[in-house]
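Enquirer: Structure in structure tokens, see below.
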Amino acid sequence: MLYFITSNDGKYREAKRIGEMYGVKIERVDIHYPEHQETSLRRVARLSITALKDLAPKPFFLEDSGLFIPSLNGFPGVYSSYVYKTIGNEGILKLMRDVTDRRAYFKSIVAFFDGRVHLFEGKVSGRISFQIKGNKGFGFDPIFEYRGRTFAEMGDEKNQISHRRKAMEKFLKWYINLR
Ligand code: ITT
């Protein structure tokens with residue numbers, strides 16, 4: 001059993017399903033902690049796990065993720081959570097209105113602490129759609145297209161190929177081997 005420290009329902013739902021695939025039960029704990037604004041997700045994850053190491057029930061992990069759009073110089077990147085809550089999917093589509101290079105990727109960093117910090121990374125590449133499509137998933141899923149469909153149109157299939165799946169898979173394989 002592992003505790004996942006998160007305030008995000010969507011992240012928890014997906015991580016829990018991925019845990020089931022590897023026979024690891026994942027429970028959610030919502031502890032508020034200051035999120036550091038840093039220049040890379042790895043740095044955010046490292047600082048967050050260090051801030052939580054004496055507060056969280058053990059064993060625990062957290063996950064920091066973000067959407068990166070190269071034609072916007074990587075925006076929203078480490079600011080994804082804030083940007084989603086402020087301008088949202090419609091705001092991103094507006095920023096991208098006249099942009100032809102629509103490449104984008106999601107990145108996920110899973111952080112685990114056992115006296116040392118361990119980081120596991122996953123990435124998935126796709127494109128920003130021209131419209132909001134689909135009603136499954138969460139966050140930027142309705143504007144992130146992977147092979148012709150948005151993540152919000154995919155439902156459970158997203159969990160086979162997502163950034164979160166890749167990072168969680170690396171983490172869980174490593175964790176299972178430890179036990
Ligand atoms: P916690 O830090 O409490 O876990 P959070 O929502 O603040 O929750 P992050 O700081 O990692 O999470 O922010 C990442 C944001 O990026 C998140 O709020 C989503 O809007 C977006 N995001 C991350 N993964 C996503 C995914 O699989 N699909 C859609 N949007 C995603």
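By convention in this document, the chains of the structure tokens carry letters A, B, ... by their order, each chain's residues are numbered from 1, and ligands are numbered from 1 in the order they are shown.
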Mind checking DSSP for region 33-153 of chain A and telling me the helix (DSSP H, G or I) residues as a ChimeraX atom specification?
Expert: /A:41-52,70-72,77-86,88-95,141-143,151-153
Enquirer: How about saving the chosen residues, N, CA, C and O atoms kept, as a compact mmCIF listing (two decimals), in the first residue's frame?
Expert:
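Output below, filename part_36.txt:
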```txt
# COMPACT_ATOMS: atom_id res chain seq x y z
N LEU A 41 10.09 20.76 -13.54
CA LEU A 41 9.23 19.87 -12.75
C LEU A 41 10.05 19.04 -11.77
O LEU A 41 9.60 18.76 -10.67
N ARG A 42 11.24 18.64 -12.19
CA ARG A 42 12.08 17.83 -11.29
C ARG A 42 12.41 18.61 -10.02
O ARG A 42 12.40 18.06 -8.93
N ARG A 43 12.69 19.89 -10.18
CA ARG A 43 13.00 20.72 -9.00
C ARG A 43 11.77 20.90 -8.12
O ARG A 43 11.86 20.83 -6.90
N VAL A 44 10.61 21.11 -8.77
CA VAL A 44 9.36 21.25 -8.00
C VAL A 44 9.13 19.97 -7.19
O VAL A 44 8.84 20.02 -5.99
N ALA A 45 9.27 18.83 -7.86
CA ALA A 45 9.00 17.55 -7.20
C ALA A 45 9.96 17.31 -6.04
O ALA A 45 9.56 16.87 -4.96
N ARG A 46 11.22 17.62 -6.26
CA ARG A 46 12.23 17.41 -5.22
C ARG A 46 11.94 18.28 -3.98
O ARG A 46 11.99 17.80 -2.84
N LEU A 47 11.59 19.54 -4.22
CA LEU A 47 11.29 20.43 -3.10
C LEU A 47 10.01 20.01 -2.38
O LEU A 47 9.93 20.05 -1.16
N SER A 48 9.00 19.60 -3.16
CA SER A 48 7.73 19.22 -2.55
C SER A 48 7.90 17.98 -1.67
O SER A 48 7.37 17.92 -0.56
N ILE A 49 8.62 17.00 -2.17
CA ILE A 49 8.76 15.76 -1.39
C ILE A 49 9.57 16.03 -0.12
O ILE A 49 9.30 15.48 0.94
N THR A 50 10.53 16.92 -0.23
CA THR A 50 11.33 17.26 0.94
C THR A 50 10.48 17.99 1.98
O THR A 50 10.57 17.72 3.18
N ALA A 51 9.59 18.87 1.50
CA ALA A 51 8.70 19.61 2.41
C ALA A 51 7.74 18.66 3.13
O ALA A 51 7.30 18.92 4.25
N LEU A 52 7.40 17.54 2.47
CA LEU A 52 6.39 16.63 3.02
C LEU A 52 6.96 15.48 3.85
O LEU A 52 6.21 14.76 4.50
N PRO A 70 5.99 23.71 -27.15
CA PRO A 70 7.23 24.31 -27.67
C PRO A 70 7.02 25.64 -28.39
O PRO A 70 7.82 26.57 -28.21
N SER A 71 5.93 25.79 -29.18
CA SER A 71 5.75 27.05 -29.90
C SER A 71 5.40 28.21 -28.96
O SER A 71 5.47 29.38 -29.35
N LEU A 72 5.06 27.91 -27.72
CA LEU A 72 4.88 28.97 -26.69
C LEU A 72 6.07 28.94 -25.71
O LEU A 72 5.92 29.28 -24.54
N GLY A 77 3.90 24.66 -18.86
CA GLY A 77 4.99 24.00 -18.13
C GLY A 77 4.79 23.91 -16.63
O GLY A 77 3.77 23.38 -16.18
N VAL A 78 5.73 24.44 -15.87
CA VAL A 78 5.62 24.33 -14.40
C VAL A 78 4.45 25.16 -13.84
O VAL A 78 4.09 25.01 -12.68
N TYR A 79 3.86 26.01 -14.68
CA TYR A 79 2.72 26.81 -14.22
C TYR A 79 1.38 26.18 -14.60
O TYR A 79 0.34 26.82 -14.52
N SER A 80 1.39 24.93 -15.03
CA SER A 80 0.18 24.29 -15.59
C SER A 80 -1.03 24.37 -14.66
O SER A 80 -2.14 24.65 -15.10
N SER A 81 -0.81 24.10 -13.38
CA SER A 81 -1.93 24.07 -12.45
C SER A 81 -2.58 25.46 -12.39
O SER A 81 -3.81 25.60 -12.50
N TYR A 82 -1.77 26.48 -12.25
CA TYR A 82 -2.26 27.86 -12.16
C TYR A 82 -2.93 28.30 -13.47
O TYR A 82 -4.01 28.90 -13.47
N VAL A 83 -2.31 27.97 -14.57
CA VAL A 83 -2.85 28.37 -15.88
C VAL A 83 -4.18 27.67 -16.14
O VAL A 83 -5.13 28.27 -16.63
N TYR A 84 -4.26 26.41 -15.75
CA TYR A 84 -5.53 25.70 -15.93
C TYR A 84 -6.64 26.37 -15.12
O TYR A 84 -7.75 26.56 -15.60
N LYS A 85 -6.31 26.77 -13.89
CA LYS A 85 -7.33 27.38 -13.02
C LYS A 85 -7.69 28.81 -13.47
O LYS A 85 -8.74 29.31 -13.14
N THR A 86 -6.81 29.48 -14.17
CA THR A 86 -7.07 30.87 -14.56
C THR A 86 -7.63 30.96 -15.99
O THR A 86 -8.82 31.18 -16.17
N GLY A 88 -7.52 28.44 -18.38
CA GLY A 88 -8.14 27.17 -18.77
C GLY A 88 -7.90 26.77 -20.22
O GLY A 88 -7.06 27.34 -20.92
N ASN A 89 -8.65 25.77 -20.65
CA ASN A 89 -8.48 25.24 -22.01
C ASN A 89 -8.80 26.28 -23.06
O ASN A 89 -8.13 26.37 -24.09
N GLU A 90 -9.84 27.08 -22.82
CA GLU A 90 -10.21 28.09 -23.81
C GLU A 90 -9.10 29.13 -23.98
O GLU A 90 -8.81 29.57 -25.09
N GLY A 91 -8.47 29.47 -22.86
CA GLY A 91 -7.36 30.43 -22.91
C GLY A 91 -6.20 29.90 -23.72
O GLY A 91 -5.58 30.64 -24.51
N ILE A 92 -5.87 28.62 -23.55
CA ILE A 92 -4.77 28.02 -24.32
C ILE A 92 -5.14 28.02 -25.81
O ILE A 92 -4.32 28.38 -26.67
N LEU A 93 -6.38 27.66 -26.13
CA LEU A 93 -6.79 27.65 -27.54
C LEU A 93 -6.69 29.04 -28.15
O LEU A 93 -6.29 29.20 -29.30
N LYS A 94 -7.02 30.06 -27.38
CA LYS A 94 -6.91 31.44 -27.87
C LYS A 94 -5.46 31.79 -28.16
O LYS A 94 -5.14 32.38 -29.19
N LEU A 95 -4.57 31.43 -27.22
CA LEU A 95 -3.14 31.72 -27.42
C LEU A 95 -2.61 31.02 -28.67
O LEU A 95 -1.66 31.47 -29.29
N ASP A 141 -6.96 17.59 -20.77
CA ASP A 141 -7.30 16.44 -21.62
C ASP A 141 -8.15 16.80 -22.85
O ASP A 141 -7.92 16.24 -23.92
N PRO A 142 -9.14 17.72 -22.74
CA PRO A 142 -9.98 18.00 -23.91
C PRO A 142 -9.27 18.76 -25.05
O PRO A 142 -9.83 18.88 -26.13
N ILE A 143 -8.05 19.23 -24.83
CA ILE A 143 -7.35 19.92 -25.93
C ILE A 143 -6.04 19.21 -26.31
O ILE A 143 -5.30 19.69 -27.15
N PHE A 151 -7.25 13.21 -25.31
CA PHE A 151 -7.25 12.36 -24.11
C PHE A 151 -8.66 12.30 -23.51
O PHE A 151 -9.06 11.28 -22.95
N ALA A 152 -9.43 13.39 -23.65
CA ALA A 152 -10.77 13.42 -23.07
C ALA A 152 -11.76 12.58 -23.87
O ALA A 152 -12.85 12.27 -23.40
N GLU A 153 -11.37 12.19 -25.10
CA GLU A 153 -12.22 11.28 -25.89
C GLU A 153 -11.83 9.83 -25.63
O GLU A 153 -12.54 8.92 -26.06
```
Enquirer: Using the chain letters and numbers from this document, which residues of chain A does DSSP assign to strand (DSSP E or B), as an MDAnalysis selection string?
Expert: chainID A and resid 2:5 26:29 60:68 76 103:113 117:128 144:146 149:150
Enquirer: Just want the residues within 8 Å of ligand 1, written as a PyMOL selection string, counting only C-alpha atoms and all ligand atoms.
Expert: chain A and resi 5-8+10-11+30+32+35+62-67+78-85+106-108+137-142+144+151+162-164
Enquirer: Any idea what's packed within 10 Å of Gly19 (chain A), counting only C-alpha atoms, ignoring anything in its chain fewer than 4 positions away? Could you give it as a list in words?
Expert: Met1, Leu2, Glu14, Ala15, Gly23, Val24, Lys25, Ile26, Glu27, Arg165, Met168, Glu169 and Leu172 of chain A
Enquirer: Name all residues at most 6 Å from region 117-126 of chain A (count only C-alpha atoms; drop same-chain ones fewer than 2 positions away) and give them as a list in words.
Expert: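 After dropping sequence-adjacent residues, the list is Arg103, Ala104, Tyr105, Phe106, Lys107, Ser108, Ile109, Val110, Ala111, Phe112, Phe113, Glu145, Tyr146, Ser162, His163, Lys166, Ala167 and Phe171 of chain A.
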Enquirer: Selection from above, all heavy atoms, as a short mmCIF file (atom, residue, chain, number, x, y, z; two decimals), in the first residue's frame, can you write it?
Expert:
```cif
data_model
loop_
_atom_site.label_atom_id
_atom_site.label_comp_id
_atom_site.auth_asym_id
_atom_site.auth_seq_id
_atom_site.Cartn_x
_atom_site.Cartn_y
_atom_site.Cartn_z
N ARG A 103 2.53 21.15 -31.82
CA ARG A 103 3.11 20.09 -30.99
C ARG A 103 3.04 20.45 -29.50
O ARG A 103 3.19 21.62 -29.13
CB ARG A 103 4.58 19.86 -31.37
CG ARG A 103 4.75 19.08 -32.67
CD ARG A 103 6.20 19.05 -33.08
NE ARG A 103 6.73 20.40 -33.16
CZ ARG A 103 7.94 20.77 -32.73
NH1 ARG A 103 8.77 19.89 -32.20
NH2 ARG A 103 8.33 22.04 -32.83
N ALA A 104 2.85 19.43 -28.69
CA ALA A 104 2.79 19.63 -27.24
C ALA A 104 3.16 18.32 -26.56
O ALA A 104 3.08 17.26 -27.20
CB ALA A 104 1.38 20.03 -26.82
N TYR A 105 3.60 18.39 -25.34
CA TYR A 105 3.80 17.15 -24.59
C TYR A 105 3.44 17.34 -23.12
O TYR A 105 3.47 18.45 -22.60
CB TYR A 105 5.23 16.59 -24.74
CG TYR A 105 6.34 17.49 -24.26
CD1 TYR A 105 6.79 17.45 -22.95
CD2 TYR A 105 6.95 18.38 -25.13
CE1 TYR A 105 7.81 18.27 -22.51
CE2 TYR A 105 7.98 19.22 -24.70
CZ TYR A 105 8.41 19.15 -23.40
OH TYR A 105 9.43 19.98 -22.96
N PHE A 106 3.02 16.23 -22.52
CA PHE A 106 2.80 16.18 -21.09
C PHE A 106 4.00 15.52 -20.45
O PHE A 106 4.53 14.53 -20.98
CB PHE A 106 1.59 15.29 -20.75
CG PHE A 106 0.26 15.97 -20.75
CD1 PHE A 106 -0.74 15.54 -21.60
CD2 PHE A 106 -0.03 17.00 -19.85
CE1 PHE A 106 -2.00 16.12 -21.58
CE2 PHE A 106 -1.28 17.59 -19.83
CZ PHE A 106 -2.26 17.15 -20.69
N LYS A 107 4.37 16.01 -19.30
CA LYS A 107 5.44 15.36 -18.55
C LYS A 107 4.95 15.11 -17.13
O LYS A 107 4.18 15.90 -16.58
CB LYS A 107 6.66 16.28 -18.53
CG LYS A 107 7.95 15.54 -18.29
CD LYS A 107 9.07 16.50 -18.03
CE LYS A 107 9.99 16.64 -19.23
NZ LYS A 107 11.19 17.43 -18.87
N SER A 108 5.42 14.01 -16.56
CA SER A 108 5.07 13.66 -15.18
C SER A 108 6.33 13.26 -14.44
O SER A 108 7.15 12.50 -14.97
CB SER A 108 4.08 12.49 -15.21
OG SER A 108 4.12 11.78 -13.99
N ILE A 109 6.47 13.77 -13.24
CA ILE A 109 7.56 13.33 -12.37
C ILE A 109 6.94 12.75 -11.10
O ILE A 109 6.24 13.47 -10.37
CB ILE A 109 8.49 14.50 -11.96
CG1 ILE A 109 9.01 15.28 -13.16
CG2 ILE A 109 9.64 13.98 -11.08
CD1 ILE A 109 10.05 14.59 -14.00
N VAL A 110 7.20 11.47 -10.86
CA VAL A 110 6.76 10.86 -9.61
C VAL A 110 7.93 10.93 -8.64
O VAL A 110 9.07 10.62 -9.01
CB VAL A 110 6.32 9.39 -9.83
CG1 VAL A 110 6.15 8.66 -8.50
CG2 VAL A 110 5.03 9.34 -10.63
N ALA A 111 7.66 11.37 -7.41
CA ALA A 111 8.72 11.49 -6.41
C ALA A 111 8.40 10.61 -5.21
O ALA A 111 7.26 10.60 -4.71
CB ALA A 111 8.87 12.94 -5.97
N PHE A 112 9.41 9.86 -4.77
CA PHE A 112 9.26 8.95 -3.63
C PHE A 112 10.40 9.23 -2.66
O PHE A 112 11.53 9.51 -3.09
CB PHE A 112 9.32 7.51 -4.13
CG PHE A 112 9.21 6.48 -3.04
CD1 PHE A 112 7.97 6.20 -2.47
CD2 PHE A 112 10.33 5.78 -2.61
CE1 PHE A 112 7.86 5.25 -1.46
CE2 PHE A 112 10.21 4.82 -1.60
CZ PHE A 112 8.98 4.56 -1.03
N PHE A 113 10.10 9.17 -1.36
CA PHE A 113 11.12 9.44 -0.37
C PHE A 113 11.27 8.28 0.60
O PHE A 113 10.31 7.82 1.20
CB PHE A 113 10.75 10.71 0.42
CG PHE A 113 11.82 11.12 1.40
CD1 PHE A 113 12.92 11.86 0.95
CD2 PHE A 113 11.75 10.77 2.73
CE1 PHE A 113 13.92 12.24 1.84
CE2 PHE A 113 12.75 11.14 3.63
CZ PHE A 113 13.84 11.87 3.18
N GLU A 145 -4.38 16.25 -28.12
CA GLU A 145 -4.68 15.21 -29.10
C GLU A 145 -3.54 14.23 -29.23
O GLU A 145 -2.38 14.64 -29.38
CB GLU A 145 -4.86 15.88 -30.47
CG GLU A 145 -6.19 15.60 -31.12
CD GLU A 145 -6.37 16.47 -32.35
OE1 GLU A 145 -5.45 16.52 -33.18
OE2 GLU A 145 -7.42 17.12 -32.42
N TYR A 146 -3.88 12.97 -29.17
CA TYR A 146 -2.89 11.91 -29.34
C TYR A 146 -3.41 11.01 -30.46
O TYR A 146 -4.49 10.42 -30.33
CB TYR A 146 -2.75 11.13 -28.03
CG TYR A 146 -1.80 9.98 -28.11
CD1 TYR A 146 -0.43 10.18 -27.95
CD2 TYR A 146 -2.26 8.68 -28.36
CE1 TYR A 146 0.45 9.12 -28.02
CE2 TYR A 146 -1.37 7.62 -28.44
CZ TYR A 146 -0.02 7.84 -28.27
OH TYR A 146 0.85 6.79 -28.35
N SER A 162 -0.21 7.28 -21.25
CA SER A 162 0.02 8.64 -20.74
C SER A 162 1.38 8.81 -20.06
O SER A 162 2.04 7.84 -19.68
CB SER A 162 -1.10 9.03 -19.77
OG SER A 162 -0.89 8.38 -18.53
N HIS A 163 1.76 10.05 -19.90
CA HIS A 163 2.95 10.45 -19.14
C HIS A 163 2.89 9.87 -17.73
O HIS A 163 3.87 9.38 -17.19
CB HIS A 163 3.04 11.98 -19.11
CG HIS A 163 1.77 12.65 -18.66
ND1 HIS A 163 0.54 12.34 -19.19
CD2 HIS A 163 1.52 13.61 -17.72
CE1 HIS A 163 -0.39 13.08 -18.60
NE2 HIS A 163 0.18 13.85 -17.70
N LYS A 166 3.59 6.15 -17.70
CA LYS A 166 5.01 5.84 -17.89
C LYS A 166 5.81 6.10 -16.61
O LYS A 166 6.65 5.30 -16.22
CB LYS A 166 5.58 6.66 -19.04
CG LYS A 166 5.06 6.19 -20.38
CD LYS A 166 5.51 7.09 -21.50
CE LYS A 166 4.90 6.64 -22.83
NZ LYS A 166 4.91 7.72 -23.82
N ALA A 167 5.55 7.23 -15.95
CA ALA A 167 6.28 7.55 -14.73
C ALA A 167 5.90 6.59 -13.61
O ALA A 167 6.76 6.07 -12.89
CB ALA A 167 6.01 8.99 -14.32
N PHE A 171 8.18 3.80 -11.55
CA PHE A 171 8.20 3.84 -10.09
C PHE A 171 7.75 2.51 -9.49
O PHE A 171 8.44 1.93 -8.63
CB PHE A 171 7.31 4.99 -9.61
CG PHE A 171 6.98 4.95 -8.14
CD1 PHE A 171 7.98 4.78 -7.19
CD2 PHE A 171 5.66 5.12 -7.71
CE1 PHE A 171 7.67 4.75 -5.83
CE2 PHE A 171 5.35 5.08 -6.36
CZ PHE A 171 6.36 4.89 -5.41
#
```
Enquirer: Using only C-alpha atoms, can you tell me which of A:Lys136, A:Arg127, A:Lys16, A:Tyr33 comes closest to Phe68 (chain A)?
Expert: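 Checking each of A:Lys136, A:Arg127, A:Lys16, A:Tyr33 against Phe68 (chain A), counting only C-alpha atoms, the winner is A:Arg127.
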